[in-house]
file run-v3.tsv (TSV, C-alpha atoms)
chain	number	residue	atom	x	y	z
N	5	MET	CA	29.50	5.65	1.51
N	6	VAL	CA	30.51	2.56	-0.44
N	7	VAL	CA	29.64	0.31	2.49
N	8	VAL	CA	26.30	2.02	3.05
N	9	VAL	CA	25.35	1.83	-0.62
N	10	THR	CA	26.34	-1.83	-0.78
N	11	ILE	CA	24.24	-2.72	2.26
N	12	ALA	CA	21.26	-0.74	0.93
N	13	ALA	CA	21.58	-2.40	-2.48
N	14	VAL	CA	21.70	-5.87	-0.91
N	15	LEU	CA	18.59	-5.15	1.19
N	16	LEU	CA	16.74	-3.88	-1.89
N	17	VAL	CA	17.75	-6.89	-3.98
N	18	VAL	CA	16.59	-9.29	-1.26
N	19	ALA	CA	13.27	-7.41	-1.08
N	20	ALA	CA	12.90	-7.66	-4.86
N	21	VAL	CA	13.61	-11.39	-4.83
N	22	LEU	CA	11.03	-11.97	-2.08
N	23	ALA	CA	8.49	-9.94	-4.07
N	24	VAL	CA	9.22	-12.02	-7.19
N	25	VAL	CA	8.69	-15.22	-5.20
N	26	ARG	CA	5.27	-13.90	-4.12
N	27	ILE	CA	4.44	-12.92	-7.69
N	28	GLU	CA	5.23	-16.45	-8.76
N	29	ARG	CA	3.19	-18.10	-6.00
N	30	GLY	CA	0.10	-15.91	-6.28
N	31	PRO	CA	-2.38	-17.36	-5.41
N	32	SER	CA	-4.66	-14.66	-6.84
N	33	MET	CA	-4.12	-11.90	-9.33
N	34	LEU	CA	-4.47	-9.28	-6.59
N	35	ASP	CA	-1.70	-10.88	-4.53
N	36	ARG	CA	0.50	-10.54	-7.59
N	37	THR	CA	-0.51	-6.91	-7.97
N	38	VAL	CA	0.46	-6.18	-4.38
N	39	ALA	CA	3.79	-7.96	-4.79
N	40	PHE	CA	4.36	-6.11	-8.04
N	41	ASP	CA	3.91	-2.87	-6.13
N	42	VAL	CA	6.75	-3.94	-3.87
N	43	LEU	CA	8.85	-4.75	-6.93
N	44	THR	CA	8.17	-1.33	-8.48
N	45	THR	CA	8.99	0.45	-5.25
N	46	THR	CA	12.18	-1.57	-4.93
N	47	LEU	CA	13.14	-0.61	-8.45
N	48	VAL	CA	12.54	3.07	-7.66
N	49	GLY	CA	14.62	2.63	-4.51
N	50	THR	CA	17.46	1.00	-6.42
N	51	ILE	CA	17.59	3.83	-8.93
N	52	ALA	CA	17.50	6.30	-6.04
N	53	VAL	CA	20.40	4.52	-4.33
N	54	GLU	CA	22.38	4.62	-7.55
N	55	ALA	CA	21.66	8.33	-7.99
N	56	ALA	CA	22.66	8.99	-4.39
N	57	TRP	CA	25.91	7.11	-4.85
N	58	SER	CA	27.06	8.71	-8.09
N	59	ARG	CA	25.49	12.15	-7.37
N	60	ARG	CA	23.84	12.07	-10.79
N	61	THR	CA	20.53	13.73	-11.62
N	62	GLU	CA	19.81	12.22	-15.05
N	63	THR	CA	18.01	9.19	-13.64
N	64	ILE	CA	15.57	11.17	-11.48
N	65	PRO	CA	12.89	11.58	-14.23
N	66	ILE	CA	12.78	7.78	-14.42
N	67	LEU	CA	11.57	7.81	-10.81
N	68	VAL	CA	8.65	10.10	-11.72
N	69	VAL	CA	7.63	7.83	-14.58
N	70	LEU	CA	7.98	4.63	-12.57
N	71	SER	CA	5.86	5.89	-9.69
N	72	LEU	CA	3.06	6.76	-12.12
N	73	VAL	CA	3.30	3.51	-14.09
N	74	GLY	CA	3.14	1.44	-10.91
N	75	PHE	CA	-0.06	3.21	-9.91
N	76	LEU	CA	-1.66	2.63	-13.34
N	77	GLY	CA	-0.76	-1.06	-13.22
N	78	SER	CA	-2.37	-1.59	-9.82
N	79	VAL	CA	-5.56	0.27	-10.73
N	80	VAL	CA	-6.01	-1.48	-14.07
N	81	ILE	CA	-5.50	-4.94	-12.59
N	82	ALA	CA	-7.88	-4.11	-9.73
N	83	ARG	CA	-10.58	-3.09	-12.22
N	84	PHE	CA	-9.94	-6.23	-14.26
N	85	ALA	CA	-10.22	-8.44	-11.19
N	86	ALA	CA	-13.51	-6.76	-10.28
N	87	ARG	CA	-14.92	-7.43	-13.73
N	88	GLU	CA	-13.77	-11.03	-13.64
N	89	SER	CA	-15.69	-11.71	-10.45
N	90	ASP	CA	-18.93	-12.76	-12.15
N	91	GLU	CA	-17.40	-15.77	-13.81
N	92	ALA	CA	-15.16	-17.40	-11.26
N	93	LEU	CA	-15.66	-16.80	-7.58
N	94	PRO	CA	-13.20	-18.67	-5.39
N	95	ARG	CA	-16.08	-19.48	-3.03
N	96	PRO	CA	-19.82	-19.20	-3.58
N	97	ALA	CA	-20.85	-15.66	-2.81
N	98	GLU	CA	-24.12	-16.84	-1.23
N	99	ASP	CA	-22.26	-19.01	1.26
N	100	ALA	CA	-19.97	-16.19	2.25
N	101	LEU	CA	-22.90	-13.84	2.55
N	102	ALA	CA	-24.96	-16.27	4.63
N	103	GLU	CA	-22.04	-16.94	6.94
N	104	HIS	CA	-21.51	-13.25	7.29
N	105	GLU	CA	-25.17	-12.56	8.05
N	106	GLU	CA	-25.08	-15.25	10.71
N	107	ARG	CA	-22.07	-13.68	12.35
N	108	ALA	CA	-23.58	-10.22	12.08
N	109	THR	CA	-26.81	-11.22	13.78
N	110	ALA	CA	-24.89	-13.04	16.50
N	111	LYS	CA	-22.77	-9.96	17.10
N	112	ALA	CA	-25.82	-7.69	17.11
N	113	GLU	CA	-27.56	-9.90	19.69
N	114	GLN	CA	-24.43	-9.87	21.79
N	115	ARG	CA	-24.29	-6.10	21.57
N	116	GLU	CA	-27.98	-5.77	22.42
N	117	ALA	CA	-27.50	-7.98	25.46
N	118	ALA	CA	-24.57	-5.89	26.63
N	119	VAL	CA	-26.38	-2.56	26.41
N	120	ASP	CA	-28.94	-1.53	28.95
N	121	SER	CA	-31.96	-0.45	26.91
N	122	GLU	CA	-32.83	2.34	29.34
N	123	HIS	CA	-29.55	4.08	28.74
N	124	HIS	CA	-29.24	3.38	25.07
N	125	GLY	CA	-29.84	6.36	22.88
N	126	GLY	CA	-30.86	4.39	19.81
N	127	SER	CA	-29.44	4.79	16.37
N	128	ALA	CA	-28.44	8.12	14.97
N	129	PRO	CA	-30.95	9.85	12.70
N	130	GLY	CA	-30.08	9.29	9.08
N	131	GLU	CA	-28.05	6.17	9.70
N	132	VAL	CA	-28.10	3.79	6.77
N	133	ARG	CA	-29.14	0.37	7.96
V	23	MET	CA	27.75	27.95	-7.37
V	24	THR	CA	28.29	28.73	-3.74
V	25	VAL	CA	31.22	27.14	-1.99
V	26	GLU	CA	30.14	25.17	1.03
V	27	PRO	CA	32.38	24.36	3.95
V	28	ASP	CA	33.51	20.76	4.18
V	29	TRP	CA	31.58	19.92	7.31
V	30	VAL	CA	28.27	20.67	5.57
V	31	THR	CA	29.03	18.03	2.99
V	32	VAL	CA	30.07	15.53	5.65
V	33	VAL	CA	26.95	16.07	7.74
V	34	ALA	CA	24.69	15.86	4.69
V	35	ASP	CA	26.39	12.64	3.59
V	36	VAL	CA	25.98	11.06	7.02
V	37	ILE	CA	22.28	11.93	7.14
V	38	ALA	CA	21.90	10.63	3.59
V	39	ALA	CA	23.60	7.36	4.55
V	40	VAL	CA	21.23	6.87	7.49
V	41	CYS	CA	18.22	7.63	5.25
V	42	LEU	CA	19.46	5.16	2.62
V	43	LEU	CA	19.85	2.38	5.16
V	44	LEU	CA	16.45	3.02	6.75
V	45	GLY	CA	14.70	3.19	3.38
V	46	ALA	CA	16.32	0.00	2.16
V	47	PHE	CA	15.44	-1.71	5.44
V	48	LEU	CA	11.79	-0.73	5.02
V	49	ALA	CA	11.85	-2.17	1.50
V	50	LEU	CA	13.24	-5.41	2.92
V	51	ALA	CA	10.53	-5.44	5.59
V	52	ALA	CA	7.91	-5.12	2.87
V	53	GLY	CA	9.50	-7.95	0.90
V	54	VAL	CA	9.46	-10.24	3.95
V	55	GLY	CA	5.89	-9.19	4.79
V	56	VAL	CA	4.57	-9.75	1.31
V	57	LEU	CA	6.04	-13.23	1.27
V	58	ARG	CA	5.22	-14.34	4.81
V	59	PHE	CA	1.84	-12.81	5.60
V	60	GLY	CA	-1.16	-15.04	5.22
V	61	ASN	CA	-3.85	-13.09	3.43
V	62	LEU	CA	-4.25	-10.28	0.98
V	63	LEU	CA	-5.11	-7.50	3.42
V	64	ALA	CA	-2.13	-8.33	5.63
V	65	ARG	CA	0.12	-8.20	2.57
V	66	MET	CA	-1.32	-4.84	1.58
V	67	HIS	CA	-0.51	-3.63	5.07
V	68	ALA	CA	3.11	-4.67	4.61
V	69	VAL	CA	3.40	-3.10	1.18
V	70	THR	CA	2.58	0.43	2.29
V	71	LYS	CA	5.80	0.84	4.30
V	72	PRO	CA	8.34	1.30	1.50
V	73	GLN	CA	5.74	2.88	-0.75
V	74	VAL	CA	5.53	6.03	1.33
V	75	LEU	CA	8.03	6.27	4.19
V	76	GLY	CA	10.76	4.21	2.54
V	77	LEU	CA	10.48	6.14	-0.70
V	78	ILE	CA	10.57	9.47	1.14
V	79	LEU	CA	13.70	8.42	3.05
V	80	LEU	CA	15.49	7.25	-0.10
V	81	LEU	CA	14.59	10.40	-2.02
V	82	VAL	CA	15.68	12.61	0.89
V	83	ALA	CA	19.00	10.77	0.73
V	84	VAL	CA	19.27	11.52	-2.99
V	85	ALA	CA	18.41	15.16	-2.38
V	86	LEU	CA	21.07	15.44	0.34
V	87	ARG	CA	23.68	13.89	-1.92
V	88	VAL	CA	22.84	15.88	-5.06
V	89	ARG	CA	21.87	19.21	-3.44
V	90	SER	CA	20.53	20.98	-6.51
V	91	TRP	CA	17.14	22.66	-6.61
V	92	SER	CA	16.06	21.18	-9.95
V	93	ALA	CA	16.66	17.67	-8.62
V	94	VAL	CA	14.85	18.45	-5.37
V	95	THR	CA	11.84	19.70	-7.35
V	96	LEU	CA	11.60	16.46	-9.30
V	97	LEU	CA	12.05	14.38	-6.15
V	98	ALA	CA	9.28	16.32	-4.42
V	99	LEU	CA	7.12	15.63	-7.47
V	100	VAL	CA	7.76	11.89	-7.10
V	101	ILE	CA	6.77	12.04	-3.43
V	102	VAL	CA	3.60	14.01	-4.21
V	103	PHE	CA	2.61	11.51	-6.91
V	104	GLN	CA	3.25	8.61	-4.60
V	105	LEU	CA	1.28	10.15	-1.74
V	106	ALA	CA	-1.63	10.89	-4.08
V	107	THR	CA	-1.71	7.58	-5.92
V	108	SER	CA	-0.86	4.87	-3.41
V	109	PRO	CA	-4.03	5.31	-1.30
V	110	VAL	CA	-6.14	5.18	-4.47
V	111	ALA	CA	-4.40	2.03	-5.68
V	112	ALA	CA	-4.69	0.37	-2.27
V	113	HIS	CA	-8.37	1.29	-2.10
V	114	MET	CA	-9.02	-0.19	-5.55
V	115	VAL	CA	-7.13	-3.39	-4.79
V	116	GLY	CA	-8.82	-3.83	-1.42
V	117	ARG	CA	-12.28	-3.23	-2.85
V	118	ALA	CA	-11.66	-5.62	-5.73
V	119	ALA	CA	-10.47	-8.24	-3.24
V	120	PHE	CA	-13.61	-7.72	-1.17
V	121	ARG	CA	-15.94	-7.97	-4.14
V	122	THR	CA	-14.31	-11.07	-5.52
V	123	GLY	CA	-14.64	-12.81	-2.16
V	124	LYS	CA	-10.96	-12.95	-1.30
V	125	VAL	CA	-11.53	-11.29	2.06
V	126	SER	CA	-13.16	-13.68	4.47
V	127	PRO	CA	-15.76	-11.85	6.59
V	128	GLY	CA	-14.55	-13.70	9.67
V	129	ASP	CA	-11.26	-11.81	9.56
V	130	LEU	CA	-12.94	-8.43	9.84
V	131	GLU	CA	-13.69	-6.79	13.14
V	132	VAL	CA	-15.90	-4.11	11.61
V	133	ASP	CA	-17.48	-4.71	8.23
V	134	ASP	CA	-19.24	-1.62	6.93
V	135	LEU	CA	-18.59	-2.30	3.27
V	136	SER	CA	-20.73	-5.40	2.83
V	137	ARG	CA	-23.55	-3.78	4.80
V	138	ASP	CA	-23.42	-0.77	2.51
V	139	GLU	CA	-23.10	-2.82	-0.64
V	140	ASN	CA	-25.99	-5.07	0.31
V	141	ALA	CA	-28.18	-2.18	1.39
V	142	ASP	CA	-31.12	-1.32	-0.80
V	143	TYR	CA	-30.62	2.39	-0.87
V	144	PRO	CA	-33.80	3.84	-2.40
V	145	GLU	CA	-36.08	1.88	-0.05
V	146	ASP	CA	-34.01	2.69	2.98
V	147	PHE	CA	-33.99	6.36	2.26
V	148	ALA	CA	-37.72	6.33	1.58
V	149	ARG	CA	-38.38	4.59	4.87
V	150	GLN	CA	-36.53	7.15	6.89
V	151	ASP	CA	-38.55	10.10	5.63

call {"tool": "encode", "arguments": {"input": "run-v3.tsv", "output": "structure tokens"}}
result
Amino acid sequence: MVVVVTIAAVLLVVAAVLAVVRIERGPSMLDRTVAFDVLTTTLVGTIAVEAAWSRRTETIPILVVLSLVGFLGSVVIARFAARESDEALPRPAEDALAEHEERATAKAEQREAAVDSEHHGGSAPGEVR
Amino acid sequence: MTVEPDWVTVVADVIAAVCLLLGAFLALAAGVGVLRFGNLLARMHAVTKPQVLGLILLLVAVALRVRSWSAVTLLALVIVFQLATSPVAAHMVGRAAFRTGKVSPGDLEVDDLSRDENADYPEDFARQD
């Protein structure tokens, strides 16, 4: 059991270090949120490994709290990033939209060309276009 | 407390050891993925592995080592919280990334979200009547 716990602990520590490197690099706030999720999960895993090793049950409530706190952190930062979007877009939204429209029309034409109109049933009733 | 034969303890410990190693390995995989993958959605894909399966494996290991019903109840509570919250958090983060322009439309095979968000709902519904 000592060997197994040591290996598991090393794997978890390496995962935590990689997550911290990603938190430091970013580039965006949401990347940091995602990496922070990994860090929280790794922390939960480390506490679980410790509890499994020592057969203790006192640390298990910490796992409940940590899993909830990690969720709150992600959701709050996601809301914050959504609010922030009006001020600083990394790329002009119009450009992205125009590029996307272009691609969409190209794809639609391609699809139209591929489908024989005689055997095409048309769009479903109630479909939102 | 009931007295268990020795082999039950040995078997439970072996299964717990395997679960610990697998869970820690999944955490490591998430750490590598979150550092190496190129964009936000790919990183979110990597993060989900230890969040659900890895956590379940580690907590099963704890339950097999501790083997008390009060501990198992709390561990099941952690798993239920995690299963309920991690899809919500991932949804929020992904939507915030989409709205702040961090997801390039060229990466998406199917893009229903921008079509729905750009749709003018009242007019569309009126037209279909």

call {"tool": "residues_around", "arguments": {"input": "run-v3.tsv", "residues": "N:Asp35", "least_positions_apart": "4", "cutoff": "9 Å", "atoms": "all atoms listed in the file", "output": "PyMOL selection string"}}
result
(chain N and resi 26-27+29-31+39-40) or (chain V and resi 56+61-62+65-66)

call {"tool": "residues_near_point", "arguments": {"input": "run-v3.tsv", "point": "(-2.9, -9.9, -3.8)", "cutoff": "12 Å", "atoms": "all atoms listed in the file", "output": "JSON, numbers by chain"}}
result
{"N": [23, 26, 27, 28, 29, 30, 31, 32, 33, 34, 35, 36, 37, 38, 39, 40, 41, 42, 78, 81, 82, 85], "V": [56, 57, 59, 60, 61, 62, 63, 64, 65, 66, 67, 68, 69, 112, 114, 115, 116, 117, 118, 119, 120, 122, 124, 125]}

call {"tool": "atom_distance", "arguments": {"input": "run-v3.tsv", "atom1": "atom CA of V:Val36", "atom2": "atom CA of N:Glu54"}}
result
16.3 Å

call {"tool": "interface_residues", "arguments": {"input": "run-v3.tsv", "of": "chain N", "to": "chain V", "cutoff": "6 Å", "atoms": "only C-alpha atoms", "output": "VMD selection string"}}
result
chain N and resid 12 15 to 16 19 22 to 23 26 56 59 68 78 to 79 82 86 89 104

call {"tool": "atom_distance", "arguments": {"input": "run-v3.tsv", "atom1": "atom CA of N:Val7", "atom2": "atom CA of N:Gly74"}}
result
29.7 Å

call {"tool": "closest_residue", "arguments": {"input": "run-v3.tsv", "among": "N:Thr44, N:Thr50, N:Gln114, N:Thr10", "to": "N:Val69", "atoms": "all atoms listed in the file"}}
result
N:Thr44

call {"tool": "residues_around", "arguments": {"input": "run-v3.tsv", "residues": "N:Val48", "least_positions_apart": "6", "cutoff": "8 Å", "atoms": "all atoms listed in the file", "output": "PyMOL selection string"}}
result
(chain N and resi 67+70-71) or (chain V and resi 77)

call {"tool": "build_atoms", "arguments": {"input": "run-v3.tsv", "residues": "stretch 114-132 of chain V", "atoms": "N, CA and C atoms", "output": "PDB file, keeping the file's coordinate frame"}}
result
ATOM      1  N   MET V 114      -8.493   0.607  -4.425  1.00  0.00           N
ATOM      2  CA  MET V 114      -9.020  -0.190  -5.550  1.00  0.00           C
ATOM      3  C   MET V 114      -8.724  -1.672  -5.354  1.00  0.00           C
ATOM      4  N   VAL V 115      -7.492  -1.979  -4.957  1.00  0.00           N
ATOM      5  CA  VAL V 115      -7.130  -3.390  -4.790  1.00  0.00           C
ATOM      6  C   VAL V 115      -7.936  -4.011  -3.649  1.00  0.00           C
ATOM      7  N   GLY V 116      -8.065  -3.281  -2.537  1.00  0.00           N
ATOM      8  CA  GLY V 116      -8.820  -3.830  -1.420  1.00  0.00           C
ATOM      9  C   GLY V 116     -10.283  -4.041  -1.762  1.00  0.00           C
ATOM     10  N   ARG V 117     -10.875  -3.087  -2.486  1.00  0.00           N
ATOM     11  CA  ARG V 117     -12.280  -3.230  -2.850  1.00  0.00           C
ATOM     12  C   ARG V 117     -12.487  -4.379  -3.826  1.00  0.00           C
ATOM     13  N   ALA V 118     -11.550  -4.507  -4.789  1.00  0.00           N
ATOM     14  CA  ALA V 118     -11.660  -5.620  -5.730  1.00  0.00           C
ATOM     15  C   ALA V 118     -11.527  -6.953  -5.001  1.00  0.00           C
ATOM     16  N   ALA V 119     -10.617  -7.008  -4.018  1.00  0.00           N
ATOM     17  CA  ALA V 119     -10.470  -8.240  -3.240  1.00  0.00           C
ATOM     18  C   ALA V 119     -11.752  -8.544  -2.495  1.00  0.00           C
ATOM     19  N   PHE V 120     -12.374  -7.509  -1.923  1.00  0.00           N
ATOM     20  CA  PHE V 120     -13.610  -7.720  -1.170  1.00  0.00           C
ATOM     21  C   PHE V 120     -14.716  -8.217  -2.080  1.00  0.00           C
ATOM     22  N   ARG V 121     -14.837  -7.599  -3.251  1.00  0.00           N
ATOM     23  CA  ARG V 121     -15.940  -7.970  -4.140  1.00  0.00           C
ATOM     24  C   ARG V 121     -15.757  -9.319  -4.785  1.00  0.00           C
ATOM     25  N   THR V 122     -14.515  -9.749  -4.935  1.00  0.00           N
ATOM     26  CA  THR V 122     -14.310 -11.070  -5.520  1.00  0.00           C
ATOM     27  C   THR V 122     -14.219 -12.144  -4.445  1.00  0.00           C
ATOM     28  N   GLY V 123     -14.548 -11.792  -3.193  1.00  0.00           N
ATOM     29  CA  GLY V 123     -14.640 -12.810  -2.160  1.00  0.00           C
ATOM     30  C   GLY V 123     -13.319 -13.301  -1.637  1.00  0.00           C
ATOM     31  N   LYS V 124     -12.259 -12.505  -1.805  1.00  0.00           N
ATOM     32  CA  LYS V 124     -10.960 -12.950  -1.300  1.00  0.00           C
ATOM     33  C   LYS V 124     -10.726 -12.523   0.135  1.00  0.00           C
ATOM     34  N   VAL V 125     -11.629 -11.685   0.660  1.00  0.00           N
ATOM     35  CA  VAL V 125     -11.530 -11.290   2.060  1.00  0.00           C
ATOM     36  C   VAL V 125     -12.588 -12.069   2.812  1.00  0.00           C
ATOM     37  N   SER V 126     -12.150 -12.913   3.752  1.00  0.00           N
ATOM     38  CA  SER V 126     -13.160 -13.680   4.470  1.00  0.00           C
ATOM     39  C   SER V 126     -13.769 -12.791   5.551  1.00  0.00           C
ATOM     40  N   PRO V 127     -15.100 -12.755   5.627  1.00  0.00           N
ATOM     41  CA  PRO V 127     -15.760 -11.850   6.590  1.00  0.00           C
ATOM     42  C   PRO V 127     -15.369 -12.151   8.024  1.00  0.00           C
ATOM     43  N   GLY V 128     -14.939 -13.377   8.312  1.00  0.00           N
ATOM     44  CA  GLY V 128     -14.550 -13.700   9.670  1.00  0.00           C
ATOM     45  C   GLY V 128     -13.318 -12.971  10.145  1.00  0.00           C
ATOM     46  N   ASP V 129     -12.485 -12.509   9.178  1.00  0.00           N
ATOM     47  CA  ASP V 129     -11.260 -11.810   9.560  1.00  0.00           C
ATOM     48  C   ASP V 129     -11.511 -10.369   9.963  1.00  0.00           C
ATOM     49  N   LEU V 130     -12.715  -9.861   9.659  1.00  0.00           N
ATOM     50  CA  LEU V 130     -12.940  -8.430   9.840  1.00  0.00           C
ATOM     51  C   LEU V 130     -13.599  -8.165  11.182  1.00  0.00           C
ATOM     52  N   GLU V 131     -13.086  -7.189  11.871  1.00  0.00           N
ATOM     53  CA  GLU V 131     -13.690  -6.790  13.140  1.00  0.00           C
ATOM     54  C   GLU V 131     -14.943  -5.947  12.876  1.00  0.00           C
ATOM     55  N   VAL V 132     -14.795  -4.965  12.000  1.00  0.00           N
ATOM     56  CA  VAL V 132     -15.900  -4.110  11.610  1.00  0.00           C
ATOM     57  C   VAL V 132     -16.060  -4.233  10.108  1.00  0.00           C
TER      58      VAL V 132
END
